[in-house]
$ cat final12.pdb   # PDB, C-alpha atoms, pLDDT in the B column
ATOM      1  CA  MET A  15      -4.761   9.131   0.920  1.00 69.00           C
ATOM      2  CA  CYS A  16      -1.787   7.075  -0.177  1.00 85.00           C
ATOM      3  CA  GLY A  17      -0.877   7.698  -3.791  1.00 91.00           C
ATOM      4  CA  ARG A  18       2.795   6.736  -3.947  1.00 95.00           C
ATOM      5  CA  SER A  19       4.939   4.050  -2.331  1.00 98.00           C
ATOM      6  CA  SER A  20       8.338   2.403  -2.657  1.00 98.00           C
ATOM      7  CA  LEU A  21       9.747  -1.109  -2.535  1.00 98.00           C
ATOM      8  CA  HIS A  22      13.409  -0.753  -3.326  1.00 97.00           C
ATOM      9  CA  ASP A  23      14.640  -4.022  -1.811  1.00 96.00           C
ATOM     10  CA  VAL A  24      13.225  -7.538  -1.560  1.00 96.00           C
ATOM     11  CA  PRO A  25      11.045  -7.559   1.602  1.00 97.00           C
ATOM     12  CA  THR A  26      12.651 -10.653   3.110  1.00 96.00           C
ATOM     13  CA  ASN A  27      11.320  -9.975   6.634  1.00 96.00           C
ATOM     14  CA  VAL A  28       7.705 -10.064   5.419  1.00 97.00           C
ATOM     15  CA  LEU A  29       8.249 -13.003   3.067  1.00 97.00           C
ATOM     16  CA  ASP A  30       9.837 -14.980   5.888  1.00 96.00           C
ATOM     17  CA  ARG A  31       6.811 -14.404   8.132  1.00 96.00           C
ATOM     18  CA  PHE A  32       4.601 -15.959   5.447  1.00 97.00           C
ATOM     19  CA  ARG A  33       7.072 -18.815   4.958  1.00 96.00           C
ATOM     20  CA  LEU A  34       7.775 -17.730   1.391  1.00 96.00           C
ATOM     21  CA  PRO A  35      11.156 -17.928  -0.396  1.00 94.00           C
ATOM     22  CA  PRO A  36      13.250 -14.775   0.124  1.00 93.00           C
ATOM     23  CA  VAL A  37      12.944 -13.853  -3.552  1.00 92.00           C
ATOM     24  CA  LEU A  38      10.395 -12.175  -5.804  1.00 94.00           C
ATOM     25  CA  PRO A  39      10.704 -13.472  -9.382  1.00 92.00           C
ATOM     26  CA  GLY A  40      11.796 -10.653 -11.658  1.00 93.00           C
ATOM     27  CA  PHE A  41      11.962  -8.157  -8.794  1.00 96.00           C
ATOM     28  CA  THR A  42      12.979  -4.634  -9.802  1.00 96.00           C
ATOM     29  CA  PRO A  43      13.734  -1.952  -7.193  1.00 98.00           C
ATOM     30  CA  ARG A  44      10.987   0.685  -7.221  1.00 98.00           C
ATOM     31  CA  PHE A  45      11.367   4.111  -5.663  1.00 98.00           C
ATOM     32  CA  ASN A  46       8.191   5.853  -6.831  1.00 98.00           C
ATOM     33  CA  ILE A  47       5.280   3.479  -7.418  1.00 98.00           C
ATOM     34  CA  ALA A  48       2.128   5.252  -8.630  1.00 97.00           C
ATOM     35  CA  PRO A  49      -1.471   4.139  -9.222  1.00 96.00           C
ATOM     36  CA  THR A  50      -1.962   2.053 -12.415  1.00 95.00           C
ATOM     37  CA  GLN A  51       1.528   0.595 -11.835  1.00 96.00           C
ATOM     38  CA  GLU A  52       2.244  -2.806 -10.303  1.00 97.00           C
ATOM     39  CA  GLN A  53       2.482  -3.561  -6.598  1.00 97.00           C
ATOM     40  CA  TRP A  54       3.875  -6.713  -4.996  1.00 98.00           C
ATOM     41  CA  THR A  55       1.250  -8.331  -2.783  1.00 98.00           C
ATOM     42  CA  ILE A  56       0.682 -11.520  -0.828  1.00 98.00           C
ATOM     43  CA  ALA A  57      -2.521 -13.381  -1.610  1.00 96.00           C
ATOM     44  CA  VAL A  58      -3.956 -16.823  -0.958  1.00 94.00           C
ATOM     45  CA  GLY A  59      -3.075 -19.270  -3.726  1.00 87.00           C
ATOM     46  CA  ARG A  60      -5.116 -22.123  -5.124  1.00 84.00           C
ATOM     47  CA  ASP A  61      -3.633 -24.462  -2.523  1.00 86.00           C
ATOM     48  CA  ARG A  62      -4.865 -22.044   0.176  1.00 89.00           C
ATOM     49  CA  LYS A  63      -1.292 -21.079   1.019  1.00 93.00           C
ATOM     50  CA  PRO A  64       0.265 -17.598   0.792  1.00 96.00           C
ATOM     51  CA  VAL A  65       1.778 -16.659  -2.558  1.00 96.00           C
ATOM     52  CA  SER A  66       3.449 -13.468  -3.783  1.00 96.00           C
ATOM     53  CA  LYS A  67       1.710 -11.782  -6.718  1.00 96.00           C
ATOM     54  CA  LEU A  68       2.067  -8.650  -8.780  1.00 97.00           C
ATOM     55  CA  MET A  69      -1.170  -6.663  -9.055  1.00 97.00           C
ATOM     56  CA  ARG A  70      -2.003  -3.407 -10.754  1.00 96.00           C
ATOM     57  CA  TRP A  71      -2.606  -0.599  -8.261  1.00 97.00           C
ATOM     58  CA  GLY A  72      -6.159   0.658  -8.724  1.00 95.00           C
ATOM     59  CA  LEU A  73      -8.960  -1.760  -7.935  1.00 95.00           C
ATOM     60  CA  VAL A  74     -11.367  -2.662 -10.754  1.00 93.00           C
ATOM     61  CA  PRO A  75     -14.497  -4.381  -9.363  1.00 91.00           C
ATOM     62  CA  SER A  76     -15.416  -7.616 -11.120  1.00 87.00           C
ATOM     63  CA  TRP A  77     -18.722  -6.052 -12.215  1.00 86.00           C
ATOM     64  CA  SER A  78     -17.161  -2.922 -13.696  1.00 85.00           C
ATOM     65  CA  LYS A  79     -17.842  -2.313 -17.383  1.00 82.00           C
ATOM     66  CA  ASP A  80     -14.255  -1.301 -18.082  1.00 79.00           C
ATOM     67  CA  ARG A  81     -10.877  -1.085 -16.420  1.00 75.00           C
ATOM     68  CA  SER A  82     -10.880   2.700 -16.135  1.00 76.00           C
ATOM     69  CA  ALA A  83     -12.593   2.390 -12.732  1.00 73.00           C
ATOM     70  CA  GLY A  84      -9.201   1.522 -11.282  1.00 67.00           C
ATOM     71  CA  HIS A  85      -7.832   4.990 -12.038  1.00 73.00           C
ATOM     72  CA  ARG A  86      -9.784   6.436  -9.107  1.00 79.00           C
ATOM     73  CA  MET A  87     -10.041   3.428  -6.755  1.00 89.00           C
ATOM     74  CA  PHE A  88      -6.443   3.017  -5.629  1.00 94.00           C
ATOM     75  CA  ASN A  89      -7.435   3.783  -2.009  1.00 96.00           C
ATOM     76  CA  ALA A  90     -10.275   2.481   0.169  1.00 96.00           C
ATOM     77  CA  ARG A  91     -11.215   4.310   3.364  1.00 96.00           C
ATOM     78  CA  ALA A  92     -11.190   2.123   6.487  1.00 96.00           C
ATOM     79  CA  GLU A  93     -14.296   3.898   7.781  1.00 95.00           C
ATOM     80  CA  SER A  94     -16.459   2.795   4.836  1.00 94.00           C
ATOM     81  CA  VAL A  95     -14.712  -0.216   3.321  1.00 94.00           C
ATOM     82  CA  THR A  96     -17.373  -2.661   4.518  1.00 93.00           C
ATOM     83  CA  GLU A  97     -20.164  -0.550   3.013  1.00 92.00           C
ATOM     84  CA  LYS A  98     -18.944   0.622  -0.399  1.00 92.00           C
ATOM     85  CA  PRO A  99     -20.129  -1.721  -3.202  1.00 92.00           C
ATOM     86  CA  ALA A 100     -16.714  -1.536  -4.878  1.00 91.00           C
ATOM     87  CA  PHE A 101     -14.890  -2.853  -1.789  1.00 94.00           C
ATOM     88  CA  ARG A 102     -17.192  -4.759   0.553  1.00 91.00           C
ATOM     89  CA  ASP A 103     -17.026  -8.117  -1.244  1.00 92.00           C
ATOM     90  CA  ALA A 104     -13.233  -7.951  -1.458  1.00 94.00           C
ATOM     91  CA  MET A 105     -13.104  -7.027   2.228  1.00 95.00           C
ATOM     92  CA  GLN A 106     -14.837 -10.304   3.012  1.00 93.00           C
ATOM     93  CA  ARG A 107     -13.061 -12.588   0.557  1.00 92.00           C
ATOM     94  CA  ARG A 108     -10.030 -10.997  -1.118  1.00 95.00           C
ATOM     95  CA  ARG A 109      -7.726  -9.290   1.342  1.00 97.00           C
ATOM     96  CA  CYS A 110      -4.008  -8.933   0.653  1.00 98.00           C
ATOM     97  CA  PRO A 111      -1.020  -7.379   2.368  1.00 98.00           C
ATOM     98  CA  ILE A 112       0.574  -4.924  -0.080  1.00 98.00           C
ATOM     99  CA  LEU A 113       4.353  -4.824   0.286  1.00 98.00           C
ATOM    100  CA  ALA A 114       6.263  -1.575   0.711  1.00 98.00           C
ATOM    101  CA  ASP A 115       9.234  -0.031   2.457  1.00 97.00           C
ATOM    102  CA  GLY A 116       7.967   3.530   2.356  1.00 97.00           C
ATOM    103  CA  TYR A 117       5.213   5.814   1.162  1.00 97.00           C
ATOM    104  CA  TYR A 118       4.879   9.475   0.158  1.00 97.00           C
ATOM    105  CA  GLU A 119       2.441  12.193   1.153  1.00 95.00           C
ATOM    106  CA  TRP A 120       2.273  15.844   0.193  1.00 95.00           C
ATOM    107  CA  SER A 121       2.090  18.423   2.992  1.00 91.00           C
ATOM    108  CA  VAL A 122       0.660  21.880   2.363  1.00 89.00           C
ATOM    109  CA  ARG A 123       3.192  24.598   3.130  1.00 87.00           C
ATOM    110  CA  GLY A 124       2.000  28.066   2.260  1.00 85.00           C
ATOM    111  CA  LYS A 125       0.871  27.962  -1.363  1.00 86.00           C
ATOM    112  CA  SER A 126       2.849  24.861  -2.283  1.00 89.00           C
ATOM    113  CA  LYS A 127       2.822  21.149  -1.514  1.00 92.00           C
ATOM    114  CA  VAL A 128       5.936  19.576  -0.034  1.00 94.00           C
ATOM    115  CA  PRO A 129       6.567  15.841  -0.600  1.00 96.00           C
ATOM    116  CA  MET A 130       7.408  13.805   2.500  1.00 96.00           C
ATOM    117  CA  TYR A 131       8.724  10.232   2.628  1.00 97.00           C
ATOM    118  CA  PHE A 132       7.511   8.005   5.492  1.00 97.00           C
ATOM    119  CA  TYR A 133       9.247   4.753   6.388  1.00 97.00           C
ATOM    120  CA  LEU A 134      10.213   2.472   9.270  1.00 97.00           C
ATOM    121  CA  ALA A 135      13.546   2.894  11.032  1.00 95.00           C
ATOM    122  CA  GLY A 136      16.187   0.750   9.381  1.00 92.00           C
ATOM    123  CA  ASN A 137      14.216   0.843   6.127  1.00 92.00           C
ATOM    124  CA  ARG A 138      12.403  -2.350   7.112  1.00 95.00           C
ATOM    125  CA  ALA A 139       9.761  -3.521   4.717  1.00 97.00           C
ATOM    126  CA  PHE A 140       6.167  -3.600   5.915  1.00 98.00           C
ATOM    127  CA  ALA A 141       2.700  -4.512   4.719  1.00 98.00           C
ATOM    128  CA  MET A 142      -0.182  -2.173   4.008  1.00 98.00           C
ATOM    129  CA  ALA A 143      -3.711  -3.513   4.366  1.00 98.00           C
ATOM    130  CA  GLY A 144      -5.052  -4.095   0.873  1.00 98.00           C
ATOM    131  CA  LEU A 145      -7.889  -5.575  -1.149  1.00 97.00           C
ATOM    132  CA  TRP A 146      -7.757  -7.251  -4.534  1.00 97.00           C
ATOM    133  CA  GLU A 147     -10.076  -8.150  -7.383  1.00 95.00           C
ATOM    134  CA  PHE A 148     -10.027 -10.205 -10.568  1.00 92.00           C
ATOM    135  CA  TRP A 149     -11.484  -8.393 -13.578  1.00 88.00           C
ATOM    136  CA  ASN A 150     -11.937 -10.045 -16.953  1.00 85.00           C
ATOM    137  CA  ASP A 151     -13.575  -8.683 -20.079  1.00 73.00           C
ATOM    138  CA  GLY A 152     -12.772 -11.849 -21.994  1.00 70.00           C
ATOM    139  CA  ASP A 153      -9.660 -10.415 -23.575  1.00 71.00           C
ATOM    140  CA  ALA A 154      -7.346  -8.884 -20.973  1.00 73.00           C
ATOM    141  CA  PRO A 155      -7.838 -10.218 -17.411  1.00 81.00           C
ATOM    142  CA  LEU A 156      -6.458  -8.096 -14.595  1.00 90.00           C
ATOM    143  CA  LEU A 157      -5.473  -8.584 -10.970  1.00 94.00           C
ATOM    144  CA  THR A 158      -5.910  -5.222  -9.272  1.00 96.00           C
ATOM    145  CA  CYS A 159      -5.562  -3.928  -5.717  1.00 97.00           C
ATOM    146  CA  ALA A 160      -6.304  -0.980  -3.455  1.00 97.00           C
ATOM    147  CA  VAL A 161      -4.557   0.297  -0.318  1.00 98.00           C
ATOM    148  CA  ILE A 162      -6.780   0.884   2.708  1.00 98.00           C
ATOM    149  CA  THR A 163      -6.233   4.218   4.442  1.00 97.00           C
ATOM    150  CA  THR A 164      -7.012   5.446   7.950  1.00 97.00           C
ATOM    151  CA  PRO A 165      -7.068   8.867   9.625  1.00 96.00           C
ATOM    152  CA  ALA A 166      -3.533  10.004  10.343  1.00 94.00           C
ATOM    153  CA  GLY A 167      -2.011   9.189  13.705  1.00 92.00           C
ATOM    154  CA  ALA A 168      -0.362  11.659  16.050  1.00 90.00           C
ATOM    155  CA  ARG A 169       3.034  11.074  14.419  1.00 89.00           C
ATOM    156  CA  THR A 170       1.872  11.809  10.860  1.00 92.00           C
ATOM    157  CA  GLN A 171      -1.047  14.211  11.294  1.00 90.00           C
ATOM    158  CA  PRO A 172       1.176  17.330  11.167  1.00 90.00           C
ATOM    159  CA  TRP A 173       1.924  16.479   7.528  1.00 90.00           C
ATOM    160  CA  HIS A 174      -1.258  14.860   6.197  1.00 92.00           C
ATOM    161  CA  HIS A 175      -4.708  13.919   7.474  1.00 93.00           C
ATOM    162  CA  ARG A 176      -4.666  10.355   6.037  1.00 95.00           C
ATOM    163  CA  MET A 177      -2.188   7.483   5.993  1.00 96.00           C
ATOM    164  CA  PRO A 178      -2.089   3.873   4.756  1.00 97.00           C
ATOM    165  CA  ALA A 179      -3.151   1.193   7.221  1.00 97.00           C
ATOM    166  CA  ILE A 180       0.294  -0.172   8.084  1.00 98.00           C
ATOM    167  CA  LEU A 181       0.178  -3.691   9.521  1.00 97.00           C
ATOM    168  CA  THR A 182       2.559  -5.346  11.942  1.00 96.00           C
ATOM    169  CA  LEU A 183       3.802  -8.752  10.812  1.00 96.00           C
ATOM    170  CA  ASP A 184       1.283 -10.418  13.132  1.00 96.00           C
ATOM    171  CA  GLY A 185      -1.394  -8.142  11.748  1.00 97.00           C
ATOM    172  CA  ALA A 186      -0.460  -8.980   8.159  1.00 97.00           C
ATOM    173  CA  GLU A 187      -0.963 -12.683   8.890  1.00 97.00           C
ATOM    174  CA  SER A 188      -4.357 -12.000  10.440  1.00 97.00           C
ATOM    175  CA  TRP A 189      -5.325  -9.777   7.508  1.00 97.00           C
ATOM    176  CA  LEU A 190      -4.679 -12.575   5.023  1.00 97.00           C
ATOM    177  CA  ASP A 191      -6.283 -15.289   7.152  1.00 95.00           C
ATOM    178  CA  ALA A 192      -9.828 -16.051   5.930  1.00 93.00           C
ATOM    179  CA  SER A 193     -10.842 -17.170   9.432  1.00 94.00           C
ATOM    180  CA  THR A 194     -10.146 -13.797  11.077  1.00 95.00           C
ATOM    181  CA  PRO A 195     -13.486 -12.413  12.354  1.00 93.00           C
ATOM    182  CA  PRO A 196     -14.711  -9.045  11.028  1.00 90.00           C
ATOM    183  CA  SER A 197     -14.265  -7.335  14.405  1.00 91.00           C
ATOM    184  CA  ALA A 198     -10.592  -8.334  14.506  1.00 95.00           C
ATOM    185  CA  LEU A 199     -10.084  -7.127  10.928  1.00 96.00           C
ATOM    186  CA  GLN A 200     -11.516  -3.728  11.745  1.00 94.00           C
ATOM    187  CA  ALA A 201      -9.222  -3.517  14.774  1.00 95.00           C
ATOM    188  CA  LEU A 202      -6.240  -3.750  12.405  1.00 97.00           C
ATOM    189  CA  LEU A 203      -7.336  -0.686  10.448  1.00 97.00           C
ATOM    190  CA  VAL A 204      -5.981   1.905  12.852  1.00 96.00           C
ATOM    191  CA  PRO A 205      -3.264   4.561  12.531  1.00 96.00           C
ATOM    192  CA  TYR A 206       0.274   3.254  12.943  1.00 95.00           C
ATOM    193  CA  ASP A 207       1.750   5.376  15.720  1.00 93.00           C
ATOM    194  CA  GLN A 208       4.807   3.462  16.858  1.00 93.00           C
ATOM    195  CA  ASP A 209       8.132   5.165  17.493  1.00 93.00           C
ATOM    196  CA  ASP A 210       9.858   3.507  14.543  1.00 95.00           C
ATOM    197  CA  LEU A 211       7.792   5.451  11.983  1.00 96.00           C
ATOM    198  CA  VAL A 212      10.017   8.263  10.713  1.00 95.00           C
ATOM    199  CA  SER A 213       9.984  10.697   7.813  1.00 95.00           C
ATOM    200  CA  HIS A 214      11.898  13.315   5.917  1.00 95.00           C
ATOM    201  CA  GLU A 215      11.229  15.843   3.222  1.00 96.00           C
ATOM    202  CA  VAL A 216      12.217  14.852  -0.311  1.00 96.00           C
ATOM    203  CA  ALA A 217      12.736  16.672  -3.596  1.00 96.00           C
ATOM    204  CA  LYS A 218       9.819  17.480  -5.878  1.00 95.00           C
ATOM    205  CA  LEU A 219      11.398  15.038  -8.299  1.00 95.00           C
ATOM    206  CA  VAL A 220       8.944  12.505  -6.865  1.00 96.00           C
ATOM    207  CA  ASN A 221       5.979  14.526  -8.146  1.00 95.00           C
ATOM    208  CA  SER A 222       6.274  12.879 -11.549  1.00 96.00           C
ATOM    209  CA  PRO A 223       5.654   9.111 -11.785  1.00 95.00           C
ATOM    210  CA  ALA A 224       8.152   9.111 -14.642  1.00 96.00           C
ATOM    211  CA  ASN A 225      10.908   9.615 -12.067  1.00 97.00           C
ATOM    212  CA  ASP A 226      11.616   6.260 -10.462  1.00 97.00           C
ATOM    213  CA  ARG A 227      15.076   6.375  -8.976  1.00 96.00           C
ATOM    214  CA  ALA A 228      16.757   6.439  -5.585  1.00 97.00           C
ATOM    215  CA  GLU A 229      16.911  10.236  -5.492  1.00 96.00           C
ATOM    216  CA  CYS A 230      13.117  10.285  -5.041  1.00 97.00           C
ATOM    217  CA  MET A 231      13.411   8.968  -1.480  1.00 96.00           C
ATOM    218  CA  ALA A 232      16.635  10.759  -0.513  1.00 96.00           C
ATOM    219  CA  PRO A 233      16.419  13.396   2.248  1.00 95.00           C
ATOM    220  CA  LEU A 234      16.196  16.916   0.901  1.00 91.00           C
ATOM    221  CA  VAL A 235      18.628  17.957   3.654  1.00 72.00           C
ATOM    222  CA  ALA A 236      21.613  16.076   5.054  1.00 47.00           C
ATOM    223  CA  GLU A 237      19.802  14.896   8.178  1.00 45.00           C
ATOM    224  CA  ALA A 238      16.401  13.191   7.951  1.00 44.00           C
ATOM    225  CA  ALA A 239      13.668  14.653  10.135  1.00 47.00           C
ATOM    226  CA  THR A 240      12.139  12.294  12.659  1.00 49.00           C
ATOM    227  CA  VAL A 241       8.371  12.409  12.996  1.00 52.00           C
ATOM    228  CA  THR A 242       7.441  13.856  16.384  1.00 45.00           C
TER     229      THR A 242
END

$ encode --input "final12.pdb" --output "structure tokens"
Amino acid sequence: MCGRSSLHDVPTNVLDRFRLPPVLPGFTPRFNIAPTQEQWTIAVGRDRKPVSKLMRWGLVPSWSKDRSAGHRMFNARAESVTEKPAFRDAMQRRRCPILADGYYEWSVRGKSKVPMYFYLAGNRAFAMAGLWEFWNDGDAPLLTCAVITTPAGARTQPWHHRMPAILTLDGAESWLDASTPPSALQALLVPYDQDDLVSHEVAKLVNSPANDRAECMAPLVAEAATVT
């Protein structure tokens, strides 16, 4: 699964690839983003061009009776995303790169769970494959999203059996492009196993969504551990 992420700086490298201004209106550094909170995404605007949008993390299908469905649908499994009623329509029509510069997973160590922070070397921003939906009960419309996850790759499997589907910049463009064929989309939903994916253990401060500060992503020890 992927239940926490960070975006502590404006992701100018991703925005530039989509030919968007290097700003996010009202951007606030986030170090511990949790489900039901807002994620920055890139979607297709009314003019059919990419646009940056804030969406609540936790997808609420348009047919859902209430918004509480989003509390449990913050992830979509790559293996079944084209089959599940909650995700298959969005997979065809409402795909979005979800912007991040890191994510957290909890590794079992003895009888406890140890939080680990995964990121790209140089703290470069990246895109996670995502889906979005518009939900409206006539009173409080919502834009919501879900992160697609894959089985862990060789570099992350020692810590957790799942990981977000991290996209290259080329892959993020293809993911957003409505003309990308289904077979090519599925080929993007694979574990990210490149050498620039690194990690380190962090303090249990991150366990609480109420803690949203730089210390959440700081190495627990002086030297960060590289994923091997």

$ closest_residue --input "final12.pdb" --among "A:Asn89, A:Asn46, A:Ser121, A:Ser94" --to "His175 (chain A)" --atoms "all atoms listed in the file"
A:Ser121

$ resolve_selection --input "final12.pdb" --expression "the PyMOL selection byres ((chain A and resi 134) around 8)" --output "list in words"
Asp115, Gly116, Phe132, Tyr133, Ala135, Gly136, Asn137, Arg138, Ala139, Asp210, Leu211 and Val212 of chain A

$ closest_residue --input "final12.pdb" --among "A:Met130, A:Cys159, A:Leu34, A:Ala141" --to "Ala232 (chain A)" --atoms "only C-alpha atoms"
A:Met130

$ resolve_selection --input "final12.pdb" --expression "the PyMOL selection byres ((chain A and resi 145-147) around 7)" --output "PDB file with C-alpha atoms, in the coordinates of the input"
ATOM      1  CA  LEU A  73      -8.960  -1.760  -7.935  1.00 95.00           C
ATOM      2  CA  VAL A  74     -11.367  -2.662 -10.754  1.00 93.00           C
ATOM      3  CA  PRO A  75     -14.497  -4.381  -9.363  1.00 91.00           C
ATOM      4  CA  SER A  76     -15.416  -7.616 -11.120  1.00 87.00           C
ATOM      5  CA  ALA A 104     -13.233  -7.951  -1.458  1.00 94.00           C
ATOM      6  CA  MET A 105     -13.104  -7.027   2.228  1.00 95.00           C
ATOM      7  CA  ARG A 108     -10.030 -10.997  -1.118  1.00 95.00           C
ATOM      8  CA  ARG A 109      -7.726  -9.290   1.342  1.00 97.00           C
ATOM      9  CA  CYS A 110      -4.008  -8.933   0.653  1.00 98.00           C
ATOM     10  CA  GLY A 144      -5.052  -4.095   0.873  1.00 98.00           C
ATOM     11  CA  PHE A 148     -10.027 -10.205 -10.568  1.00 92.00           C
ATOM     12  CA  TRP A 149     -11.484  -8.393 -13.578  1.00 88.00           C
ATOM     13  CA  LEU A 157      -5.473  -8.584 -10.970  1.00 94.00           C
ATOM     14  CA  THR A 158      -5.910  -5.222  -9.272  1.00 96.00           C
ATOM     15  CA  CYS A 159      -5.562  -3.928  -5.717  1.00 97.00           C
ATOM     16  CA  ALA A 160      -6.304  -0.980  -3.455  1.00 97.00           C
ATOM     17  CA  VAL A 161      -4.557   0.297  -0.318  1.00 98.00           C
TER      18      VAL A 161
END

$ residues_around --input "final12.pdb" --residues "region 191-200 of chain A" --least-positions-apart "6" --cutoff "10 Å" --atoms "only C-alpha atoms" --output "list in words"
Ala57, Val58, Arg62, Lys63, Pro64, Ala92, Glu93, Val95, Thr96, Met105, Gln106, Arg107, Arg108, Arg109, Cys110, Ala143 and Gly185 of chain A

$ residues_around --input "final12.pdb" --residues "Glu119 (chain A)" --least-positions-apart "6" --cutoff "10 Å" --atoms "all atoms listed in the file" --output "list in words"
Met15, Cys16, Gly17, Arg18, Ser19, Lys127, Val128, Pro129, Met130, Tyr131, Phe132, Thr170, Trp173, His174, His175, Arg176, Met177 and Glu215 of chain A

$ residues_around --input "final12.pdb" --residues "region 41-44 of chain A" --least-positions-apart "5" --cutoff "8 Å" --atoms "all atoms listed in the file" --output "PyMOL selection string"
chain A and resi 20-24+226-227

$ closest_residue --input "final12.pdb" --among "A:Gly167, A:Gly124, A:Gly72, A:Pro49" --to "Gln208 (chain A)" --atoms "all atoms listed in the file"
A:Gly167

$ atom_distance --input "final12.pdb" --atom1 "CA of Phe140 (chain A)" --atom2 "CA of Val28 (chain A)"
6.7 Å

$ atom_distance --input "final12.pdb" --atom1 "CA of Ala100 (chain A)" --atom2 "CA of Gln53 (chain A)"
19.4 Å

$ resolve_selection --input "final12.pdb" --expression "the PyMOL selection byres ((chain A and resi 66) around 6)" --output "ChimeraX atom specification"
/A:55-56,65,67

$ closest_residue --input "final12.pdb" --among "A:Ala168, A:Ile112, A:Ala179, A:Met142" --to "Arg91 (chain A)" --atoms "only C-alpha atoms"
A:Ala179

$ residues_around --input "final12.pdb" --residues "Thr50 (chain A)" --least-positions-apart "5" --cutoff "8 Å" --atoms "all atoms listed in the file" --output "VMD selection string"
chain A and resid 70 to 72 84 to 85

$ closest_residue --input "final12.pdb" --among "A:Gln51, A:Thr163, A:Ser213, A:Ser82" --to "Met69 (chain A)" --atoms "all atoms listed in the file"
A:Gln51

$ atom_distance --input "final12.pdb" --atom1 "CA of Tyr206 (chain A)" --atom2 "CA of Tyr118 (chain A)"
14.9 Å

$ residues_around --input "final12.pdb" --residues "Glu229 (chain A)" --least-positions-apart "3" --cutoff "10 Å" --atoms "only C-alpha atoms" --output "list in words"
Phe45, Asn46, Val216, Ala217, Leu219, Val220, Asn225, Asp226, Ala232, Pro233 and Leu234 of chain A

$ decode --input "final12.pdb" --residues "region 214-226 of chain A" --atoms "N, CA, C and O atoms" --output "tab-separated table (two decimals), in the first residue's frame"
chain	number	residue	atom	x	y	z
A	214	HIS	N	15.57	5.71	3.84
A	214	HIS	CA	16.16	5.66	5.18
A	214	HIS	C	15.05	5.55	6.21
A	214	HIS	O	13.90	5.88	5.97
A	215	GLU	N	15.43	5.05	7.35
A	215	GLU	CA	14.49	4.93	8.46
A	215	GLU	C	14.23	6.31	9.05
A	215	GLU	O	15.12	7.16	9.12
A	216	VAL	N	12.99	6.55	9.48
A	216	VAL	CA	12.63	7.82	10.09
A	216	VAL	C	12.00	7.58	11.46
A	216	VAL	O	11.67	6.44	11.82
A	217	ALA	N	11.82	8.67	12.20
A	217	ALA	CA	11.26	8.56	13.54
A	217	ALA	C	9.77	8.22	13.49
A	217	ALA	O	9.07	8.53	12.51
A	218	LYS	N	9.27	7.63	14.55
A	218	LYS	CA	7.86	7.28	14.62
A	218	LYS	C	6.95	8.50	14.75
A	218	LYS	O	5.73	8.38	14.81
A	219	LEU	N	7.56	9.65	14.74
A	219	LEU	CA	6.81	10.91	14.68
A	219	LEU	C	5.83	10.91	13.51
A	219	LEU	O	4.72	11.44	13.59
A	220	VAL	N	6.23	10.26	12.41
A	220	VAL	CA	5.42	10.25	11.20
A	220	VAL	C	4.15	9.40	11.37
A	220	VAL	O	3.22	9.51	10.57
A	221	ASN	N	4.09	8.58	12.40
A	221	ASN	CA	2.93	7.72	12.59
A	221	ASN	C	1.63	8.50	12.72
A	221	ASN	O	0.56	8.03	12.32
A	222	SER	N	1.70	9.69	13.26
A	222	SER	CA	0.50	10.51	13.44
A	222	SER	C	0.37	11.52	12.32
A	222	SER	O	1.29	12.32	12.10
A	223	PRO	N	-0.77	11.54	11.61
A	223	PRO	CA	-0.97	12.55	10.56
A	223	PRO	C	-0.95	13.97	11.09
A	223	PRO	O	-0.78	14.92	10.32
A	224	ALA	N	-1.11	14.12	12.40
A	224	ALA	CA	-1.08	15.46	12.98
A	224	ALA	C	0.31	16.07	12.91
A	224	ALA	O	0.48	17.29	12.99
A	225	ASN	N	1.33	15.22	12.77
A	225	ASN	CA	2.70	15.70	12.67
A	225	ASN	C	3.05	15.91	11.20
A	225	ASN	O	3.18	14.95	10.45
A	226	ASP	N	3.20	17.14	10.82
A	226	ASP	CA	3.48	17.47	9.42
A	226	ASP	C	4.61	18.49	9.38
A	226	ASP	O	4.38	19.68	9.15
